[in-house]
Structure formats: C-alpha cells, structure tokens
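> As input, take protein-v1.csv (CSV, C-alpha atoms):
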```csv
chain,number,residue,atom,x,y,z
A,1,MET,CA,-18.9,97.2,-163.4
A,2,VAL,CA,-17.8,96.9,-159.8
A,3,GLU,CA,-20.0,99.8,-158.8
A,4,ARG,CA,-23.0,97.9,-160.4
A,5,MET,CA,-22.2,94.6,-158.6
A,6,ALA,CA,-21.7,96.0,-155.1
A,7,PRO,CA,-25.5,96.4,-154.5
A,8,VAL,CA,-26.0,92.7,-155.4
A,9,ALA,CA,-23.5,91.7,-152.6
A,10,ALA,CA,-25.0,94.2,-150.2
A,11,ARG,CA,-28.4,92.5,-150.6
A,12,LEU,CA,-27.3,88.9,-150.7
A,13,ASP,CA,-24.3,88.7,-148.4
A,14,GLU,CA,-25.0,88.6,-144.6
A,15,ASP,CA,-22.3,91.3,-144.0
A,16,GLY,CA,-22.9,93.2,-147.2
A,17,SER,CA,-19.4,92.6,-148.5
A,18,LEU,CA,-18.3,91.5,-152.0
A,19,ASP,CA,-15.3,89.2,-152.2
A,20,ALA,CA,-13.4,89.9,-155.4
A,21,TRP,CA,-10.7,88.4,-157.5
A,22,ILE,CA,-8.8,89.6,-160.5
A,23,PHE,CA,-6.9,87.5,-163.0
A,24,ALA,CA,-4.8,87.3,-166.1
A,25,ASP,CA,-2.1,84.6,-166.3
A,26,ARG,CA,-2.3,84.4,-162.5
A,27,SER,CA,-5.0,85.5,-160.1
A,28,ALA,CA,-5.2,87.5,-156.9
A,29,ARG,CA,-7.8,87.9,-154.3
A,30,LEU,CA,-8.6,91.5,-153.7
A,31,PRO,CA,-9.7,93.1,-150.4
A,32,SER,CA,-13.4,92.6,-149.7
A,33,LEU,CA,-15.6,95.5,-150.7
A,34,THR,CA,-18.6,97.2,-149.1
A,35,ILE,CA,-20.6,100.0,-150.7
A,36,PRO,CA,-19.2,102.8,-148.5
A,37,GLU,CA,-15.6,101.8,-149.6
A,38,LEU,CA,-16.4,102.1,-153.3
A,39,PRO,CA,-14.8,105.5,-153.9
A,40,ARG,CA,-11.5,104.3,-152.4
A,41,TRP,CA,-11.6,100.6,-153.4
A,42,VAL,CA,-12.1,101.0,-157.1
A,43,PRO,CA,-9.0,103.2,-157.8
A,44,GLU,CA,-6.9,101.0,-155.5
A,45,ASN,CA,-7.9,97.7,-157.0
A,46,VAL,CA,-9.1,98.0,-160.5
A,47,PRO,CA,-6.4,98.2,-163.1
A,48,THR,CA,-6.1,101.7,-164.5
A,49,ARG,CA,-3.0,101.3,-166.7
A,50,LEU,CA,-3.5,102.4,-170.3
A,51,PRO,CA,-3.9,99.4,-172.7
A,52,VAL,CA,-0.7,98.3,-174.3
A,53,ARG,CA,-0.4,96.8,-177.8
A,54,ASP,CA,0.5,93.1,-177.8
A,55,ALA,CA,2.7,92.6,-180.9
A,56,SER,CA,3.0,88.8,-180.5
A,57,PRO,CA,1.6,86.5,-183.2
A,58,GLN,CA,-1.0,85.3,-180.8
A,59,GLY,CA,-2.1,88.8,-179.9
A,60,ARG,CA,-2.2,89.9,-183.5
A,61,GLY,CA,-2.0,93.6,-182.4
A,62,ARG,CA,-5.0,93.5,-180.0
A,63,LYS,CA,-5.0,95.8,-177.0
A,64,ILE,CA,-4.5,94.1,-173.6
A,65,ARG,CA,-4.3,95.3,-170.1
A,66,ARG,CA,-1.7,94.4,-167.6
A,67,ARG,CA,-1.9,94.3,-163.8
A,68,GLU,CA,1.5,94.1,-162.1
A,69,GLY,CA,2.3,90.5,-161.1
A,70,LEU,CA,-0.6,88.9,-162.9
A,71,GLY,CA,0.7,88.8,-166.5
A,72,TYR,CA,-1.3,89.4,-169.6
A,73,GLY,CA,-3.3,86.3,-170.4
A,74,ASN,CA,-6.7,84.9,-169.8
A,75,ASN,CA,-6.3,82.0,-167.4
A,76,GLU,CA,-9.8,81.3,-166.1
A,77,PRO,CA,-8.9,78.0,-164.4
A,78,VAL,CA,-6.5,79.6,-162.0
A,79,VAL,CA,-9.1,82.0,-160.6
A,80,ILE,CA,-11.8,79.3,-160.6
A,81,ARG,CA,-9.5,77.1,-158.5
A,82,ASP,CA,-8.8,80.0,-156.2
A,83,VAL,CA,-12.5,80.5,-155.6
A,84,ILE,CA,-13.1,76.8,-155.0
A,85,ASP,CA,-10.2,76.7,-152.5
A,86,PHE,CA,-11.6,79.8,-150.8
A,87,CYS,CA,-15.0,78.2,-150.4
A,88,ARG,CA,-13.5,74.9,-149.1
A,89,ALA,CA,-11.4,76.8,-146.5
A,90,ARG,CA,-14.6,78.4,-145.1
A,91,PRO,CA,-17.2,75.6,-145.1
A,92,THR,CA,-20.3,77.5,-143.9
A,93,GLY,CA,-22.8,75.5,-146.0
A,94,ARG,CA,-24.3,78.8,-147.1
A,95,PRO,CA,-24.7,79.5,-150.8
A,96,MET,CA,-22.1,81.5,-152.6
A,97,LEU,CA,-22.9,83.4,-155.8
A,98,VAL,CA,-19.9,84.0,-158.1
A,99,LEU,CA,-20.3,86.7,-160.7
A,100,PHE,CA,-17.6,86.0,-163.2
A,101,PHE,CA,-16.9,88.5,-166.0
A,102,SER,CA,-15.1,87.4,-169.1
A,103,ASP,CA,-14.0,89.5,-172.1
A,104,GLY,CA,-13.7,86.3,-174.1
A,105,GLY,CA,-10.7,84.4,-175.5
A,106,VAL,CA,-11.7,81.4,-173.4
A,107,TYR,CA,-9.8,78.4,-174.5
A,108,GLU,CA,-9.1,76.2,-171.4
A,109,ASN,CA,-12.4,74.4,-172.0
A,110,LYS,CA,-11.4,71.0,-170.5
A,111,GLU,CA,-9.9,72.6,-167.4
A,112,ILE,CA,-12.9,74.8,-166.8
A,113,SER,CA,-15.3,71.9,-167.4
A,114,ASP,CA,-13.4,69.8,-164.9
A,115,LEU,CA,-13.4,72.5,-162.3
A,116,LEU,CA,-17.1,73.2,-162.6
A,117,ARG,CA,-17.8,69.5,-162.3
A,118,GLU,CA,-15.7,69.5,-159.1
A,119,ALA,CA,-17.4,72.6,-157.8
A,120,SER,CA,-20.9,71.2,-158.4
A,121,ALA,CA,-20.7,69.4,-155.1
A,122,LEU,CA,-20.0,72.7,-153.3
A,123,PRO,CA,-22.4,75.5,-152.3
A,124,ILE,CA,-21.2,77.7,-155.3
A,125,PHE,CA,-23.3,79.0,-158.2
A,126,TRP,CA,-21.3,80.5,-161.0
A,127,GLN,CA,-22.9,83.2,-163.1
A,128,PHE,CA,-20.6,83.9,-166.1
A,129,VAL,CA,-21.1,87.1,-168.0
A,130,GLY,CA,-19.5,87.6,-171.4
A,131,LEU,CA,-18.5,91.2,-172.3
A,132,GLY,CA,-17.3,92.3,-175.7
A,133,GLU,CA,-18.6,89.9,-178.4
A,134,SER,CA,-15.8,87.4,-178.2
A,135,ASN,CA,-15.1,83.7,-178.1
A,136,TYR,CA,-16.5,82.4,-174.8
A,137,GLY,CA,-15.7,78.7,-175.4
A,138,ILE,CA,-17.2,76.3,-172.9
A,139,LEU,CA,-19.0,79.1,-171.1
A,140,GLU,CA,-21.6,79.2,-173.8
A,141,ASP,CA,-22.4,75.5,-173.3
A,142,LEU,CA,-22.7,75.4,-169.5
A,143,ASP,CA,-26.3,74.4,-169.5
A,144,THR,CA,-25.5,71.1,-171.2
A,145,LEU,CA,-22.3,70.3,-169.3
A,146,PRO,CA,-22.7,66.7,-168.1
A,147,GLY,CA,-21.3,65.1,-165.0
A,148,ARG,CA,-22.3,67.6,-162.3
A,149,VAL,CA,-24.1,67.0,-159.1
A,150,VAL,CA,-26.4,69.9,-160.0
A,151,ASP,CA,-26.4,72.5,-162.7
A,152,ASN,CA,-24.1,75.0,-160.9
A,153,ALA,CA,-23.5,77.6,-163.6
A,154,GLY,CA,-25.1,80.0,-166.1
A,155,PHE,CA,-23.9,82.2,-168.9
A,156,PHE,CA,-25.1,85.2,-170.8
A,157,ALA,CA,-23.4,87.7,-173.0
A,158,VAL,CA,-24.0,91.4,-173.4
A,159,ASP,CA,-22.5,93.5,-176.2
A,160,ASP,CA,-22.6,96.8,-174.3
A,161,ILE,CA,-23.1,96.4,-170.5
A,162,ASP,CA,-23.5,100.2,-170.2
A,163,SER,CA,-26.7,100.1,-172.3
A,164,VAL,CA,-28.4,97.5,-170.1
A,165,SER,CA,-30.5,98.8,-167.3
A,166,ASP,CA,-29.8,97.8,-163.7
A,167,GLU,CA,-33.1,96.0,-163.6
A,168,GLU,CA,-32.4,93.9,-166.7
A,169,LEU,CA,-28.8,93.2,-165.6
A,170,TYR,CA,-29.8,92.1,-162.1
A,171,ASP,CA,-32.6,89.9,-163.6
A,172,ARG,CA,-30.1,88.2,-165.8
A,173,LEU,CA,-27.5,87.9,-163.1
A,174,LEU,CA,-29.9,86.3,-160.6
A,175,GLY,CA,-32.2,84.5,-163.1
A,176,GLU,CA,-30.9,80.9,-162.6
A,177,PHE,CA,-29.8,81.3,-158.9
A,178,PRO,CA,-33.2,80.4,-157.3
A,179,GLN,CA,-33.4,77.2,-159.5
A,180,TRP,CA,-29.9,76.3,-158.4
A,181,LEU,CA,-30.8,76.9,-154.7
A,182,ARG,CA,-33.7,74.4,-155.0
A,183,ALA,CA,-31.6,71.8,-156.8
A,184,ALA,CA,-28.7,72.2,-154.5
A,185,ARG,CA,-30.9,71.7,-151.4
A,186,ALA,CA,-32.5,68.6,-153.0
A,187,ALA,CA,-29.1,67.2,-153.8
A,188,GLY,CA,-27.7,67.9,-150.3
A,189,VAL,CA,-25.2,70.4,-151.6
A,190,LEU,CA,-26.7,73.0,-149.3
A,191,THR,CA,-27.4,72.3,-145.7
```
Would you put the structure from the file into structure tokens?

Amino acid sequence: MVERMAPVAARLDEDGSLDAWIFADRSARLPSLTIPELPRWVPENVPTRLPVRDASPQGRGRKIRRREGLGYGNNEPVVIRDVIDFCRARPTGRPMLVLFFSDGGVYENKEISDLLREASALPIFWQFVGLGESNYGILEDLDTLPGRVVDNAGFFAVDDIDSVSDEELYDRLLGEFPQWLRAARAAGVLT
C-alpha cells in the first residue's frame, strides 16, 4: 500500500515527500518518505511481525499485528490528534491531504467526530479508506457529519485493494479533494 501511495505524494507535495504515521493503541510519526527511499523505508517502518492470535474475549481469536511500543488496538483518535497537532505546528496555509487506511473495528465514533469537526477549520482533507470488509463506524457516515466549517472528509471501502487498478484507486483517493479545495477557499480555511 505504501508503494502505491508514494506517487500521490510525489505529485501533490512540493518536495515530493510523504509524511506517515502508524497506530494501534498509540501512534507514532514515521520518517518522511520519498520514492527513491522506498526499498529501504518499507522494511524499516512497516510492521513485518507475523500475526499473533488474540485470545482475549474481545479479540475472539482474531489475528492482530503488533508494532513494538504501539500496542494492539485500533485507536484512531490518537493518530488523528497527532496529525492535527502536526498541521497546527506548521501553519503554512497550504492544503494537506491525509490518506487514512483502516482495517475496521472503528468504535470511537464520538471522539473521531469531534476531532473532524475541530479539524474542519484547518487546511486538512481526510480521505479514509476501509480495507477488509469490516465495521467502519462513523467513517461510513462522514458525508453527513454536521457541525463542520466545510466537509473535510471522505470515505470509501475496497474489499481487495490489490484488485483495484492504480487509475481507479487514485480517482477514488482524489475524487472529493478538488471539491474540498473550493469549499475551503470559499470558507477562508485556505489562504
């Protein structure tokens, strides 16, 4: 997935880099990535541990991945907050496109909604992508989320990302972004 996203950053970012985060119970900002760094960056930053079996009653035997220091869960609000804080610490006024991949299990609906409302006054567009036919919670209802300065998020799910062509994937990733740019400029979110 990272290899398919790097060209988007190369085309949209002024220095061709992709800022990346990873999360579970906690989040971590990864080193920025450029296309020439891909062969080294992926093995150094993408979890490669074999899945382990979660025997807890909540896990019901599902396979989960673990990255050292981040835990096992799905805590979307912690990484959303990190991205918001990152944007606020670097107030350029330029638009920021966040490609957010979820394998489901989204349950922090109120916290995610509150954070997206807060972020709607910032130059950030969130494109959420569901992978794996799972419960995406509030992500599936973002187009109707009230209380935002502008509609600052989109969502789509794909059952098998490997079966989607690059052209279709990029069309879906960037489909709502131009509409947000126009609305954000009109609302004064973008300078």
> Just to confirm, what's the straight-line distance from atom CA of Glu37 of chain A to atom CA of Met5 of chain A in Å (one decimal)?
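Value for the atom CA of Glu37 of chain A-atom CA of Met5 of chain A distance: 13.3 Å.
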> Find the residues around Leu116 of chain A up to 9 Å (all atoms listed in the file counted), leave out those fewer than 5 positions away in its own chain, and share them as a PyMOL selection string.
chain A and resi 80+111+126+145+148+152-153
> Hey, what's within 8 Å of Trp21 of chain A if we count all atoms listed in the file and toss same-chain stuff fewer than 3 positions away? As a list in words, please?
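Final neighbour list, sorted by chain and number: Ser27, Ala28, Arg29, Leu30 and Val79 of chain A.
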> With only C-alpha atoms as the basis for distance, which of A:Ser163, A:Asn45, A:Gln127, A:Thr34 is at the shortest distance from Val98 of chain A?
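Among A:Ser163, A:Asn45, A:Gln127, A:Thr34, it is A:Gln127 that comes nearest to Val98 of chain A.
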> Show which residues sit within 12 Å of segment 10-13 of chain A, as a list in words. Count all atoms listed in the file, and ignore same-chain residues fewer than 5 positions away.
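Neighbouring residues, sequence-local ones excluded: Glu3, Arg4, Met5, Leu18, Asp19, Ser32, Leu33, Thr34, Ile35, Pro36, Arg94, Pro95, Met96, Leu97, Val98, Tyr170, Leu174 and Phe177 of chain A.
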> One number please: atom CA of Phe100 of chain A to atom CA of Asp162 of chain A, in Å, one decimal.
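Interatomic distance here is 16.9 Å.
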